[in-house]
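Undergrad: Contents of upload31.cif (mmCIF, C-alpha atoms) are below:
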data_model
#
loop_
_atom_site.group_PDB
_atom_site.id
_atom_site.type_symbol
_atom_site.label_atom_id
_atom_site.label_comp_id
_atom_site.auth_asym_id
_atom_site.auth_seq_id
_atom_site.Cartn_x
_atom_site.Cartn_y
_atom_site.Cartn_z
ATOM 1 C CA MET A 689 -1.519 12.588 25.940
ATOM 2 C CA SER A 690 0.619 12.685 22.806
ATOM 3 C CA LEU A 691 -0.013 10.533 19.756
ATOM 4 C CA ARG A 692 2.252 9.876 16.804
ATOM 5 C CA LYS A 693 0.915 11.604 13.693
ATOM 6 C CA THR A 694 0.455 9.640 10.475
ATOM 7 C CA LEU A 695 -0.475 11.148 7.119
ATOM 8 C CA THR A 696 -2.037 9.587 4.055
ATOM 9 C CA ILE A 697 -1.807 11.342 0.692
ATOM 10 C CA ALA A 698 -4.377 9.341 -1.190
ATOM 11 C CA GLY A 699 -7.721 9.056 -2.871
ATOM 12 C CA SER A 700 -11.054 8.947 -1.116
ATOM 13 C CA ASP A 701 -13.026 5.743 -1.675
ATOM 14 C CA ALA A 702 -16.702 6.663 -1.472
ATOM 15 C CA SER A 703 -17.519 3.091 -0.383
ATOM 16 C CA GLY A 704 -15.280 3.532 2.676
ATOM 17 C CA GLY A 705 -13.382 0.285 2.208
ATOM 18 C CA ALA A 706 -10.146 1.388 0.590
ATOM 19 C CA GLY A 707 -8.186 4.588 0.001
ATOM 20 C CA LEU A 708 -7.761 7.139 2.735
ATOM 21 C CA GLU A 709 -10.799 5.785 4.582
ATOM 22 C CA ALA A 710 -9.014 2.450 5.020
ATOM 23 C CA ASP A 711 -5.793 4.241 5.918
ATOM 24 C CA LEU A 712 -7.413 6.287 8.668
ATOM 25 C CA LYS A 713 -9.091 3.194 10.129
ATOM 26 C CA ALA A 714 -5.731 1.400 10.198
ATOM 27 C CA PHE A 715 -3.941 4.416 11.684
ATOM 28 C CA GLU A 716 -6.428 4.614 14.547
ATOM 29 C CA ALA A 717 -6.364 0.858 15.164
ATOM 30 C CA HIS A 718 -2.591 1.198 15.626
ATOM 31 C CA GLY A 719 -2.977 4.021 18.125
ATOM 32 C CA THR A 720 -1.778 6.869 15.904
ATOM 33 C CA TYR A 721 -3.456 10.133 14.914
ATOM 34 C CA GLY A 722 -4.371 10.094 11.230
ATOM 35 C CA LEU A 723 -4.327 13.039 8.858
ATOM 36 C CA ALA A 724 -5.282 13.039 5.182
ATOM 37 C CA ALA A 725 -4.623 15.000 2.028
ATOM 38 C CA VAL A 726 -7.154 14.038 -0.643
ATOM 39 C CA THR A 727 -5.832 13.584 -4.185
ATOM 40 C CA VAL A 728 -8.849 12.114 -5.960
ATOM 41 C CA ILE A 729 -12.366 10.952 -5.208
ATOM 42 C CA ALA A 730 -13.175 7.445 -6.413
ATOM 43 C CA THR A 731 -16.805 6.440 -6.899
ATOM 44 C CA MET A 732 -18.484 3.177 -7.832
ATOM 45 C CA ASP A 733 -21.690 3.126 -9.891
ATOM 46 C CA PRO A 734 -24.228 0.579 -8.597
ATOM 47 C CA ASP A 735 -26.240 0.969 -11.812
ATOM 48 C CA ASN A 736 -23.273 -0.023 -13.965
ATOM 49 C CA ASN A 737 -21.714 -3.084 -12.319
ATOM 50 C CA TRP A 738 -19.854 -1.010 -9.688
ATOM 51 C CA SER A 739 -17.732 0.625 -12.423
ATOM 52 C CA HIS A 740 -15.249 3.190 -11.126
ATOM 53 C CA GLY A 741 -15.148 6.922 -11.574
ATOM 54 C CA VAL A 742 -11.989 8.818 -10.639
ATOM 55 C CA TYR A 743 -12.199 12.574 -10.057
ATOM 56 C CA THR A 744 -8.887 14.344 -9.548
ATOM 57 C CA LEU A 745 -8.807 17.398 -7.296
ATOM 58 C CA PRO A 746 -6.976 20.518 -8.508
ATOM 59 C CA THR A 747 -3.311 20.523 -7.534
ATOM 60 C CA ASP A 748 -3.629 23.866 -5.726
ATOM 61 C CA VAL A 749 -6.202 22.212 -3.455
ATOM 62 C CA LEU A 750 -3.766 19.356 -2.824
ATOM 63 C CA GLN A 751 -0.946 21.800 -2.079
ATOM 64 C CA ALA A 752 -3.122 23.641 0.443
ATOM 65 C CA GLN A 753 -3.926 20.369 2.188
ATOM 66 C CA LEU A 754 -0.266 19.352 2.292
ATOM 67 C CA LYS A 755 0.677 22.707 3.788
ATOM 68 C CA THR A 756 -1.881 22.126 6.534
ATOM 69 C CA THR A 757 -0.921 18.546 7.304
ATOM 70 C CA PHE A 758 2.853 18.997 7.270
ATOM 71 C CA SER A 759 2.551 21.968 9.618
ATOM 72 C CA THR A 760 1.398 19.574 12.365
ATOM 73 C CA GLY A 761 4.708 17.706 12.464
ATOM 74 C CA VAL A 762 4.173 14.357 10.730
ATOM 75 C CA ASP A 763 5.957 11.276 12.092
ATOM 76 C CA ALA A 764 5.279 9.009 9.117
ATOM 77 C CA LEU A 765 3.312 9.121 5.891
ATOM 78 C CA LYS A 766 2.099 7.015 3.021
ATOM 79 C CA THR A 767 0.912 7.695 -0.485
ATOM 80 C CA GLY A 768 -1.941 5.955 -2.233
ATOM 81 C CA MET A 769 -3.810 6.782 -5.417
ATOM 82 C CA LEU A 770 -2.067 9.655 -7.199
ATOM 83 C CA SER A 771 -3.915 9.885 -10.472
ATOM 84 C CA THR A 772 -1.732 12.125 -12.657
ATOM 85 C CA GLU A 773 1.930 12.920 -13.205
ATOM 86 C CA GLU A 774 1.372 16.412 -11.832
ATOM 87 C CA VAL A 775 -0.203 15.066 -8.639
ATOM 88 C CA ILE A 776 2.745 12.709 -8.214
ATOM 89 C CA GLN A 777 5.248 15.519 -8.732
ATOM 90 C CA VAL A 778 3.475 17.889 -6.325
ATOM 91 C CA SER A 779 3.240 15.157 -3.692
ATOM 92 C CA GLY A 780 6.856 14.067 -4.113
ATOM 93 C CA GLU A 781 8.204 17.602 -3.897
ATOM 94 C CA ALA A 782 6.140 18.308 -0.772
ATOM 95 C CA ILE A 783 7.298 15.079 0.892
ATOM 96 C CA LYS A 784 10.922 15.849 0.095
ATOM 97 C CA ALA A 785 10.623 19.398 1.422
ATOM 98 C CA SER A 786 8.961 18.170 4.627
ATOM 99 C CA GLY A 787 11.990 16.135 5.683
ATOM 100 C CA VAL A 788 9.822 13.246 6.879
ATOM 101 C CA GLU A 789 11.937 10.088 6.817
ATOM 102 C CA ASN A 790 9.286 7.442 7.458
ATOM 103 C CA VAL A 791 7.803 7.392 3.955
ATOM 104 C CA VAL A 792 5.768 4.468 2.619
ATOM 105 C CA ILE A 793 4.992 4.544 -1.096
ATOM 106 C CA ASP A 794 2.008 2.419 -2.094
ATOM 107 C CA PRO A 795 2.231 2.791 -5.893
ATOM 108 C CA VAL A 796 -1.459 2.466 -6.701
ATOM 109 C CA MET A 797 -1.918 2.181 -10.466
ATOM 110 C CA VAL A 798 -5.430 0.811 -10.921
ATOM 111 C CA CYS A 799 -8.701 0.593 -9.011
ATOM 112 C CA LYS A 800 -9.640 -2.855 -7.746
ATOM 113 C CA GLY A 801 -11.545 -4.641 -10.476
ATOM 114 C CA GLU A 802 -9.933 -2.566 -13.219
ATOM 115 C CA ASP A 803 -6.928 -3.587 -15.334
ATOM 116 C CA GLU A 804 -5.838 -0.347 -16.992
ATOM 117 C CA VAL A 805 -3.193 1.951 -15.528
ATOM 118 C CA LEU A 806 -4.795 5.244 -14.538
ATOM 119 C CA ASN A 807 -2.203 7.136 -16.559
ATOM 120 C CA PRO A 808 0.741 5.382 -18.279
ATOM 121 C CA GLY A 809 3.056 8.321 -17.539
ATOM 122 C CA ASN A 810 2.498 7.808 -13.816
ATOM 123 C CA VAL A 811 5.018 4.970 -13.675
ATOM 124 C CA ASP A 812 7.904 7.172 -14.800
ATOM 125 C CA ALA A 813 6.754 9.934 -12.454
ATOM 126 C CA MET A 814 6.677 7.536 -9.502
ATOM 127 C CA ILE A 815 10.176 6.363 -10.316
ATOM 128 C CA GLU A 816 11.434 9.945 -10.504
ATOM 129 C CA TYR A 817 9.600 11.639 -7.640
ATOM 130 C CA LEU A 818 8.536 8.950 -5.157
ATOM 131 C CA LEU A 819 10.728 5.842 -5.089
ATOM 132 C CA PRO A 820 13.910 7.722 -4.038
ATOM 133 C CA LEU A 821 11.998 8.950 -0.964
ATOM 134 C CA ALA A 822 10.623 5.540 0.025
ATOM 135 C CA LYS A 823 11.754 3.879 3.216
ATOM 136 C CA VAL A 824 9.300 1.180 2.122
ATOM 137 C CA THR A 825 7.336 0.627 -1.074
ATOM 138 C CA THR A 826 4.486 -1.879 -1.257
ATOM 139 C CA PRO A 827 3.559 -2.763 -4.857
ATOM 140 C CA ASN A 828 1.319 -5.631 -5.838
ATOM 141 C CA LEU A 829 2.456 -8.013 -8.573
ATOM 142 C CA PHE A 830 1.258 -5.843 -11.459
ATOM 143 C CA GLU A 831 2.704 -2.661 -9.954
ATOM 144 C CA ALA A 832 6.008 -4.392 -9.233
ATOM 145 C CA GLY A 833 6.324 -5.400 -12.860
ATOM 146 C CA GLN A 834 5.526 -1.889 -14.042
ATOM 147 C CA LEU A 835 8.081 -0.263 -11.730
ATOM 148 C CA ALA A 836 10.782 -2.840 -12.414
ATOM 149 C CA GLY A 837 10.262 -2.740 -16.168
ATOM 150 C CA VAL A 838 9.561 -6.464 -16.375
ATOM 151 C CA LYS A 839 6.541 -8.667 -17.001
ATOM 152 C CA THR A 840 4.194 -9.145 -14.075
ATOM 153 C CA PRO A 841 5.958 -11.684 -11.819
ATOM 154 C CA LYS A 842 4.517 -15.189 -11.934
ATOM 155 C CA SER A 843 6.873 -16.888 -9.462
ATOM 156 C CA ILE A 844 8.709 -16.139 -6.247
ATOM 157 C CA GLU A 845 11.987 -15.955 -8.149
ATOM 158 C CA GLU A 846 10.540 -13.374 -10.547
ATOM 159 C CA MET A 847 9.311 -11.401 -7.541
ATOM 160 C CA GLN A 848 12.852 -11.402 -6.162
ATOM 161 C CA VAL A 849 14.193 -10.068 -9.450
ATOM 162 C CA ALA A 850 11.574 -7.309 -9.513
ATOM 163 C CA ALA A 851 12.264 -6.385 -5.876
ATOM 164 C CA GLU A 852 15.971 -5.964 -6.570
ATOM 165 C CA LYS A 853 15.270 -3.779 -9.595
ATOM 166 C CA ILE A 854 12.880 -1.581 -7.605
ATOM 167 C CA HIS A 855 15.425 -1.281 -4.798
ATOM 168 C CA ALA A 856 17.990 -0.129 -7.364
ATOM 169 C CA LEU A 857 15.625 2.723 -8.267
ATOM 170 C CA GLY A 858 15.959 4.151 -4.758
ATOM 171 C CA ALA A 859 13.425 2.440 -2.509
ATOM 172 C CA LYS A 860 15.243 1.323 0.639
ATOM 173 C CA ASN A 861 12.912 -1.612 1.321
ATOM 174 C CA VAL A 862 10.486 -3.382 -1.013
ATOM 175 C CA VAL A 863 7.437 -5.464 -0.136
ATOM 176 C CA ILE A 864 5.759 -7.164 -3.100
ATOM 177 C CA LYS A 865 2.303 -8.414 -2.200
ATOM 178 C CA GLY A 866 1.739 -11.933 -3.486
ATOM 179 C CA GLY A 867 -2.011 -11.805 -3.869
ATOM 180 C CA ARG A 868 -3.602 -14.513 -5.993
ATOM 181 C CA GLY A 869 -1.391 -14.161 -9.039
ATOM 182 C CA ILE A 870 1.016 -16.896 -7.997
ATOM 183 C CA ASP A 871 0.161 -20.495 -7.166
ATOM 184 C CA HIS A 872 1.402 -20.978 -3.615
ATOM 185 C CA GLU A 873 0.057 -22.977 -0.694
ATOM 186 C CA GLN A 874 0.131 -19.962 1.633
ATOM 187 C CA ALA A 875 -0.895 -16.310 1.400
ATOM 188 C CA PHE A 876 2.459 -14.605 1.130
ATOM 189 C CA ASP A 877 4.379 -11.392 0.535
ATOM 190 C CA LEU A 878 8.024 -10.930 -0.413
ATOM 191 C CA PHE A 879 10.122 -8.516 1.674
ATOM 192 C CA TYR A 880 13.504 -7.302 0.423
ATOM 193 C CA ASP A 881 15.655 -5.025 2.578
ATOM 194 C CA GLY A 882 18.427 -4.475 0.055
ATOM 195 C CA SER A 883 20.458 -7.476 1.106
ATOM 196 C CA THR A 884 18.094 -10.303 2.084
ATOM 197 C CA HIS A 885 14.835 -11.628 0.690
ATOM 198 C CA TYR A 886 12.187 -12.844 3.125
ATOM 199 C CA LEU A 887 8.920 -14.682 2.528
ATOM 200 C CA LEU A 888 6.090 -13.722 4.914
ATOM 201 C CA GLU A 889 3.391 -16.393 4.972
ATOM 202 C CA THR A 890 -0.024 -16.885 6.528
ATOM 203 C CA ALA A 891 -2.770 -19.418 5.923
ATOM 204 C CA LYS A 892 -4.904 -18.687 2.871
ATOM 205 C CA VAL A 893 -8.467 -17.505 3.440
ATOM 206 C CA ASP A 894 -11.064 -18.422 0.819
ATOM 207 C CA THR A 895 -12.840 -15.084 0.555
ATOM 208 C CA ASN A 896 -13.575 -12.229 -1.789
ATOM 209 C CA TYR A 897 -13.990 -9.842 1.136
ATOM 210 C CA ASN A 898 -10.581 -8.208 0.837
ATOM 211 C CA HIS A 899 -11.395 -4.708 -0.411
ATOM 212 C CA GLY A 900 -8.836 -2.265 0.962
ATOM 213 C CA ALA A 901 -6.280 -4.917 1.927
ATOM 214 C CA GLY A 902 -3.396 -3.266 0.087
ATOM 215 C CA CYS A 903 -4.121 0.187 1.479
ATOM 216 C CA THR A 904 -4.513 -1.272 4.964
ATOM 217 C CA PHE A 905 -1.192 -3.083 4.757
ATOM 218 C CA ALA A 906 0.724 0.046 3.711
ATOM 219 C CA ALA A 907 -1.050 2.155 6.336
ATOM 220 C CA SER A 908 -0.157 -0.376 9.023
ATOM 221 C CA VAL A 909 3.516 -0.244 8.022
ATOM 222 C CA THR A 910 3.299 3.560 8.194
ATOM 223 C CA ALA A 911 1.796 3.587 11.684
ATOM 224 C CA ASN A 912 4.358 1.076 12.924
ATOM 225 C CA LEU A 913 7.252 3.173 11.619
ATOM 226 C CA ALA A 914 5.762 6.240 13.306
ATOM 227 C CA LYS A 915 5.769 4.307 16.592
ATOM 228 C CA GLY A 916 9.457 3.465 16.274
ATOM 229 C CA LEU A 917 9.411 -0.116 15.012
ATOM 230 C CA THR A 918 12.159 -1.262 12.676
ATOM 231 C CA VAL A 919 11.164 -1.794 9.066
ATOM 232 C CA LYS A 920 11.200 -5.567 9.477
ATOM 233 C CA GLU A 921 9.065 -5.360 12.628
ATOM 234 C CA ALA A 922 6.708 -2.901 10.942
ATOM 235 C CA VAL A 923 6.200 -5.141 7.919
ATOM 236 C CA LEU A 924 5.695 -8.287 9.991
ATOM 237 C CA GLU A 925 3.042 -6.671 12.199
ATOM 238 C CA ALA A 926 1.315 -5.195 9.150
ATOM 239 C CA LYS A 927 1.118 -8.679 7.668
ATOM 240 C CA GLU A 928 -0.552 -9.913 10.875
ATOM 241 C CA PHE A 929 -2.923 -6.958 10.913
ATOM 242 C CA VAL A 930 -4.128 -7.277 7.330
ATOM 243 C CA ALA A 931 -4.312 -11.083 7.503
ATOM 244 C CA ALA A 932 -6.668 -10.750 10.479
ATOM 245 C CA GLY A 933 -8.664 -8.147 8.574
ATOM 246 C CA ILE A 934 -9.062 -10.454 5.570
ATOM 247 C CA GLN A 935 -9.894 -13.425 7.787
ATOM 248 C CA HIS A 936 -12.810 -11.440 9.228
ATOM 249 C CA GLY A 937 -13.761 -9.515 6.088
ATOM 250 C CA TRP A 938 -17.445 -8.831 5.645
ATOM 251 C CA LYS A 939 -20.048 -8.182 2.954
ATOM 252 C CA LEU A 940 -20.823 -4.505 2.395
ATOM 253 C CA ASN A 941 -23.145 -5.091 -0.565
ATOM 254 C CA GLN A 942 -23.483 -7.356 -3.595
ATOM 255 C CA PHE A 943 -20.385 -5.805 -5.176
ATOM 256 C CA VAL A 944 -17.755 -5.603 -2.482
ATOM 257 C CA GLY A 945 -16.640 -6.768 0.945
ATOM 258 C CA PRO A 946 -13.984 -4.841 2.881
ATOM 259 C CA VAL A 947 -11.468 -6.107 5.394
ATOM 260 C CA LEU A 948 -12.313 -5.604 9.060
ATOM 261 C CA HIS A 949 -9.816 -3.127 10.493
ATOM 262 C CA ALA A 950 -10.680 -3.969 14.095
ATOM 263 C CA ALA A 951 -10.114 -7.698 13.590
ATOM 264 C CA LYS A 952 -6.643 -8.068 15.095
ATOM 265 C CA ASN A 953 -7.566 -6.023 18.163
ATOM 266 C CA ILE A 954 -10.769 -8.029 18.681
ATOM 267 C CA TYR A 955 -9.849 -11.559 17.608
ATOM 268 C CA GLY A 956 -6.047 -11.603 17.763
ATOM 269 C CA ALA A 957 -3.471 -12.124 15.040
ATOM 270 C CA PRO A 958 -3.134 -15.177 12.814
ATOM 271 C CA THR A 959 0.232 -16.880 12.704
ATOM 272 C CA VAL A 960 2.764 -15.332 10.333
ATOM 273 C CA THR A 961 5.961 -17.165 9.475
ATOM 274 C CA ILE A 962 9.015 -15.479 8.006
ATOM 275 C CA LYS A 963 11.534 -17.396 5.906
ATOM 276 C CA GLU A 964 14.846 -16.187 4.552
ATOM 277 C CA LEU A 965 15.250 -16.971 0.854
ATOM 278 C CA ALA A 966 18.404 -17.784 -1.005
ATOM 279 C CA PRO A 967 19.825 -14.803 -2.930
ATOM 280 C CA ILE A 968 19.459 -14.597 -6.690
ATOM 281 C CA SER A 969 20.957 -12.461 -9.406
ATOM 282 C CA SER A 970 18.741 -9.768 -10.907
ATOM 283 C CA ASN A 971 20.754 -9.813 -14.132
#
Using the file provided, produce a representation of the structure as structure tokens.

TA:
Amino acid sequence: MSLRKTLTIAGSDASGGAGLEADLKAFEAHGTYGLAAVTVIATMDPDNNWSHGVYTLPTDVLQAQLKTTFSTGVDALKTGMLSTEEVIQVSGEAIKASGVENVVIDPVMVCKGEDEVLNPGNVDAMIEYLLPLAKVTTPNLFEAGQLAGVKTPKSIEEMQVAAEKIHALGAKNVVIKGGRGIDHEQAFDLFYDGSTHYLLETAKVDTNYNHGAGCTFAASVTANLAKGLTVKEAVLEAKEFVAAGIQHGWKLNQFVGPVLHAAKNIYGAPTVTIKELAPISSN
């Protein structure tokens, strides 16, 4: 038996709901073999309103992990929380040297529940070392604005502008996750392949149990690319997968509820519609 190998270069979420723990759950649910290189360890303090702590591992430890993982022959990879400019540079240089083509950049800039960028210099480092390697990048609204050098998008048209600017920085395909920052009747993401904008929509779910949704989406795209799907197919299935996970999210404790990574395989996929949008000018 031979499985496709998928790698996450990301932070460890001690709660198990996001980060590399979410990635590995998604990789396995998609029938791939998951590997991980740990960049940081993220903790949440139950005695202080679940406030986050972020502990960066030494870069020589990261380099040793990357040497191990890339030696296995990786079919696709994703990045997650890369907490410093040096970590971003080391990761980007290792990815470039590996020759892996199926690269998904999830440009994590904050922990869920926080609103400060981990390190302001990270944005420039991502643009320099990661975006040119990206077959797909999957920013949320805030991250899209940071990468594009614009205000956080507040409309679909502003998302289109940001997607085109991010594509111009080297990412071959851009998926901007709609989240709750835009008033829209459906839960949606914007997909831009360099020529056409698409809107991917599912029914909204009234829940706060969505911890790890962004990581899970990017990991699902990664696994799908490893299995040979086209980018459009990979993104569409990932939307189904994470929508099912949110639909069946569950309460871990009084602070957080993660998505259920087994949901699509157990309960099936919710309906996802894809609509082609009219082109706009990014100028």

Undergrad: Could you tell me, as a short mmCIF file (atom, residue, chain, number, x, y, z; two decimals) with C-alpha atoms, in the coordinates of the input, which residues have any atom at most 10 Å from (-15.5, 7.2, -2.0), counting only C-alpha atoms?

TA:
data_model
loop_
_atom_site.label_atom_id
_atom_site.label_comp_id
_atom_site.auth_asym_id
_atom_site.auth_seq_id
_atom_site.Cartn_x
_atom_site.Cartn_y
_atom_site.Cartn_z
CA GLY A 699 -7.72 9.06 -2.87
CA SER A 700 -11.05 8.95 -1.12
CA ASP A 701 -13.03 5.74 -1.68
CA ALA A 702 -16.70 6.66 -1.47
CA SER A 703 -17.52 3.09 -0.38
CA GLY A 704 -15.28 3.53 2.68
CA GLY A 705 -13.38 0.28 2.21
CA ALA A 706 -10.15 1.39 0.59
CA GLY A 707 -8.19 4.59 0.00
CA LEU A 708 -7.76 7.14 2.74
CA GLU A 709 -10.80 5.78 4.58
CA VAL A 728 -8.85 12.11 -5.96
CA ILE A 729 -12.37 10.95 -5.21
CA ALA A 730 -13.18 7.44 -6.41
CA THR A 731 -16.80 6.44 -6.90
CA MET A 732 -18.48 3.18 -7.83
CA HIS A 740 -15.25 3.19 -11.13
CA GLY A 741 -15.15 6.92 -11.57
CA VAL A 742 -11.99 8.82 -10.64
#

Undergrad: I'd like to see the residues matched by the PyMOL selection byres ((chain A and resi 818-820) around 10) on this file, and ideally I'd get them as a ChimeraX atom specification.

TA: /A:767,776-777,779-781,783-784,791-795,812-817,821-825,835,854-860

Undergrad: Taking the file as shown, what set of residues would the PyMOL selection byres ((chain A and resi 903-915) around 7) give back, as a PyMOL selection string?

TA: chain A and resi 692+694+706-707+710-711+714-715+718+720+763-766+790+792+794+826+900-902+916-919+922-923+926-927+930

Undergrad: Using all atoms listed in the file and a cutoff of 12 Å, can you tell me which residues are near (-5.6, 20.9, -7.9) in the file's coordinates, and write them out as a PyMOL selection string?

TA: chain A and resi 725-728+743-754+770-772+774-776+778-779

Undergrad: Name the closest residue to Leu888 in chain A among the candidates A:Ile934, A:Met689, A:Ala950, A:Val960; distances are taken between atoms, counting all atoms listed in the file.

TA: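 Among the listed residues, A:Val960 lies closest to Leu888 in chain A.
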
Undergrad: Give me, please, the distance in Å between CA of Ala891 in chain A and CA of Val947 in chain A, quoted to one decimal.

TA: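 These atoms are spaced 15.9 Å apart.
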
Undergrad: Applied to the shown file, which residues does the PyMOL selection byres ((chain A and resi 931) around 10) return, written as a PyMOL selection string?

TA: chain A and resi 875-876+889-893+898+901+905+925-930+932-937+947-948+951-952+957-960

Undergrad: Quote the spacing between CA of Phe943 in chain A and CA of Leu878 in chain A in Å to one decimal place.

TA: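 Distance reported for this atom pair: 29.3 Å.
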
Undergrad: What lies within 9 Å of Thr884 in chain A using only C-alpha atoms, ignoring chain neighbours under 3 positions off, as an mmCIF file with C-alpha atoms, in the frame of the given file?

TA:
data_model
loop_
_atom_site.group_PDB
_atom_site.id
_atom_site.type_symbol
_atom_site.label_atom_id
_atom_site.label_comp_id
_atom_site.auth_asym_id
_atom_site.auth_seq_id
_atom_site.Cartn_x
_atom_site.Cartn_y
_atom_site.Cartn_z
ATOM 1 C CA PHE A 879 10.122 -8.516 1.674
ATOM 2 C CA TYR A 880 13.504 -7.302 0.423
ATOM 3 C CA ASP A 881 15.655 -5.025 2.578
ATOM 4 C CA GLU A 964 14.846 -16.187 4.552
ATOM 5 C CA LEU A 965 15.250 -16.971 0.854
ATOM 6 C CA ALA A 966 18.404 -17.784 -1.005
ATOM 7 C CA PRO A 967 19.825 -14.803 -2.930
#

Undergrad: So which one's closest to Thr760 in chain A, A:Pro946, A:Asn941, A:Val788, A:Gly869? Using all atoms listed in the file, please.

TA: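 Among A:Pro946, A:Asn941, A:Val788, A:Gly869, it is A:Val788 that comes nearest to Thr760 in chain A.
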
Undergrad: Hey, could you pull the box centre and edge lengths for range 787-797 of chain A, axis-aligned, 8 Å padding per side, all listed atoms, to one decimal in Å, as JSON?

TA:
{"center_x": 5.0, "center_y": 9.2, "center_z": -1.5, "size_x": 29.9, "size_y": 30.0, "size_z": 33.9}

Undergrad: For a quick check of understanding, using only C-alpha atoms, which of A:Ala851, A:Gly833, A:Ser843, A:Leu695 has the smallest distance to His885 in chain A?

TA: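 Among A:Ala851, A:Gly833, A:Ser843, A:Leu695, it is A:Ala851 that comes nearest to His885 in chain A.
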
Undergrad: Between CA of Gly722 in chain A and CA of Ser690 in chain A, measure the distance and give it in Å to one decimal.

TA: 12.9 Å

Undergrad: Pick from A:Gln834, A:Thr961, A:Gln942, A:Thr756: nearest to Asn896 in chain A, with all atoms listed in the file counted?

TA: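 Between A:Gln834, A:Thr961, A:Gln942, A:Thr756, the residue approaching Asn896 in chain A most closely is A:Gln942.
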
Undergrad: Place N, CA and C atoms on range 724-736 of chain A and deliver the coordinates as a PDB file, in the frame of the given file.

TA:
ATOM      1  N   ALA A 724      -5.111  13.417   6.575  1.00  0.00           N
ATOM      2  CA  ALA A 724      -5.282  13.039   5.182  1.00  0.00           C
ATOM      3  C   ALA A 724      -5.227  14.246   4.272  1.00  0.00           C
ATOM      4  N   ALA A 725      -4.578  14.052   3.129  1.00  0.00           N
ATOM      5  CA  ALA A 725      -4.623  15.000   2.028  1.00  0.00           C
ATOM      6  C   ALA A 725      -5.248  14.265   0.851  1.00  0.00           C
ATOM      7  N   VAL A 726      -6.378  14.745   0.369  1.00  0.00           N
ATOM      8  CA  VAL A 726      -7.154  14.038  -0.643  1.00  0.00           C
ATOM      9  C   VAL A 726      -6.644  14.397  -2.030  1.00  0.00           C
ATOM     10  N   THR A 727      -6.315  13.365  -2.824  1.00  0.00           N
ATOM     11  CA  THR A 727      -5.832  13.584  -4.185  1.00  0.00           C
ATOM     12  C   THR A 727      -6.936  13.419  -5.214  1.00  0.00           C
ATOM     13  N   VAL A 728      -7.755  12.391  -5.035  1.00  0.00           N
ATOM     14  CA  VAL A 728      -8.849  12.114  -5.960  1.00  0.00           C
ATOM     15  C   VAL A 728     -10.037  11.602  -5.147  1.00  0.00           C
ATOM     16  N   ILE A 729     -11.189  11.595  -5.779  1.00  0.00           N
ATOM     17  CA  ILE A 729     -12.366  10.952  -5.208  1.00  0.00           C
ATOM     18  C   ILE A 729     -12.760   9.821  -6.150  1.00  0.00           C
ATOM     19  N   ALA A 730     -12.809   8.617  -5.615  1.00  0.00           N
ATOM     20  CA  ALA A 730     -13.175   7.445  -6.413  1.00  0.00           C
ATOM     21  C   ALA A 730     -14.602   7.034  -6.065  1.00  0.00           C
ATOM     22  N   THR A 731     -15.420   6.861  -7.088  1.00  0.00           N
ATOM     23  CA  THR A 731     -16.805   6.440  -6.899  1.00  0.00           C
ATOM     24  C   THR A 731     -17.035   5.118  -7.606  1.00  0.00           C
ATOM     25  N   MET A 732     -18.096   4.436  -7.214  1.00  0.00           N
ATOM     26  CA  MET A 732     -18.484   3.177  -7.832  1.00  0.00           C
ATOM     27  C   MET A 732     -19.970   3.257  -8.173  1.00  0.00           C
ATOM     28  N   ASP A 733     -20.323   2.945  -9.403  1.00  0.00           N
ATOM     29  CA  ASP A 733     -21.690   3.126  -9.891  1.00  0.00           C
ATOM     30  C   ASP A 733     -22.495   1.834  -9.733  1.00  0.00           C
ATOM     31  N   PRO A 734     -23.449   1.797  -8.801  1.00  0.00           N
ATOM     32  CA  PRO A 734     -24.228   0.579  -8.597  1.00  0.00           C
ATOM     33  C   PRO A 734     -25.139   0.243  -9.769  1.00  0.00           C
ATOM     34  N   ASP A 735     -25.397   1.214 -10.648  1.00  0.00           N
ATOM     35  CA  ASP A 735     -26.240   0.969 -11.812  1.00  0.00           C
ATOM     36  C   ASP A 735     -25.440   0.480 -13.017  1.00  0.00           C
ATOM     37  N   ASN A 736     -24.124   0.403 -12.852  1.00  0.00           N
ATOM     38  CA  ASN A 736     -23.273  -0.023 -13.965  1.00  0.00           C
ATOM     39  C   ASN A 736     -22.185  -0.971 -13.471  1.00  0.00           C
TER      40      ASN A 736
END
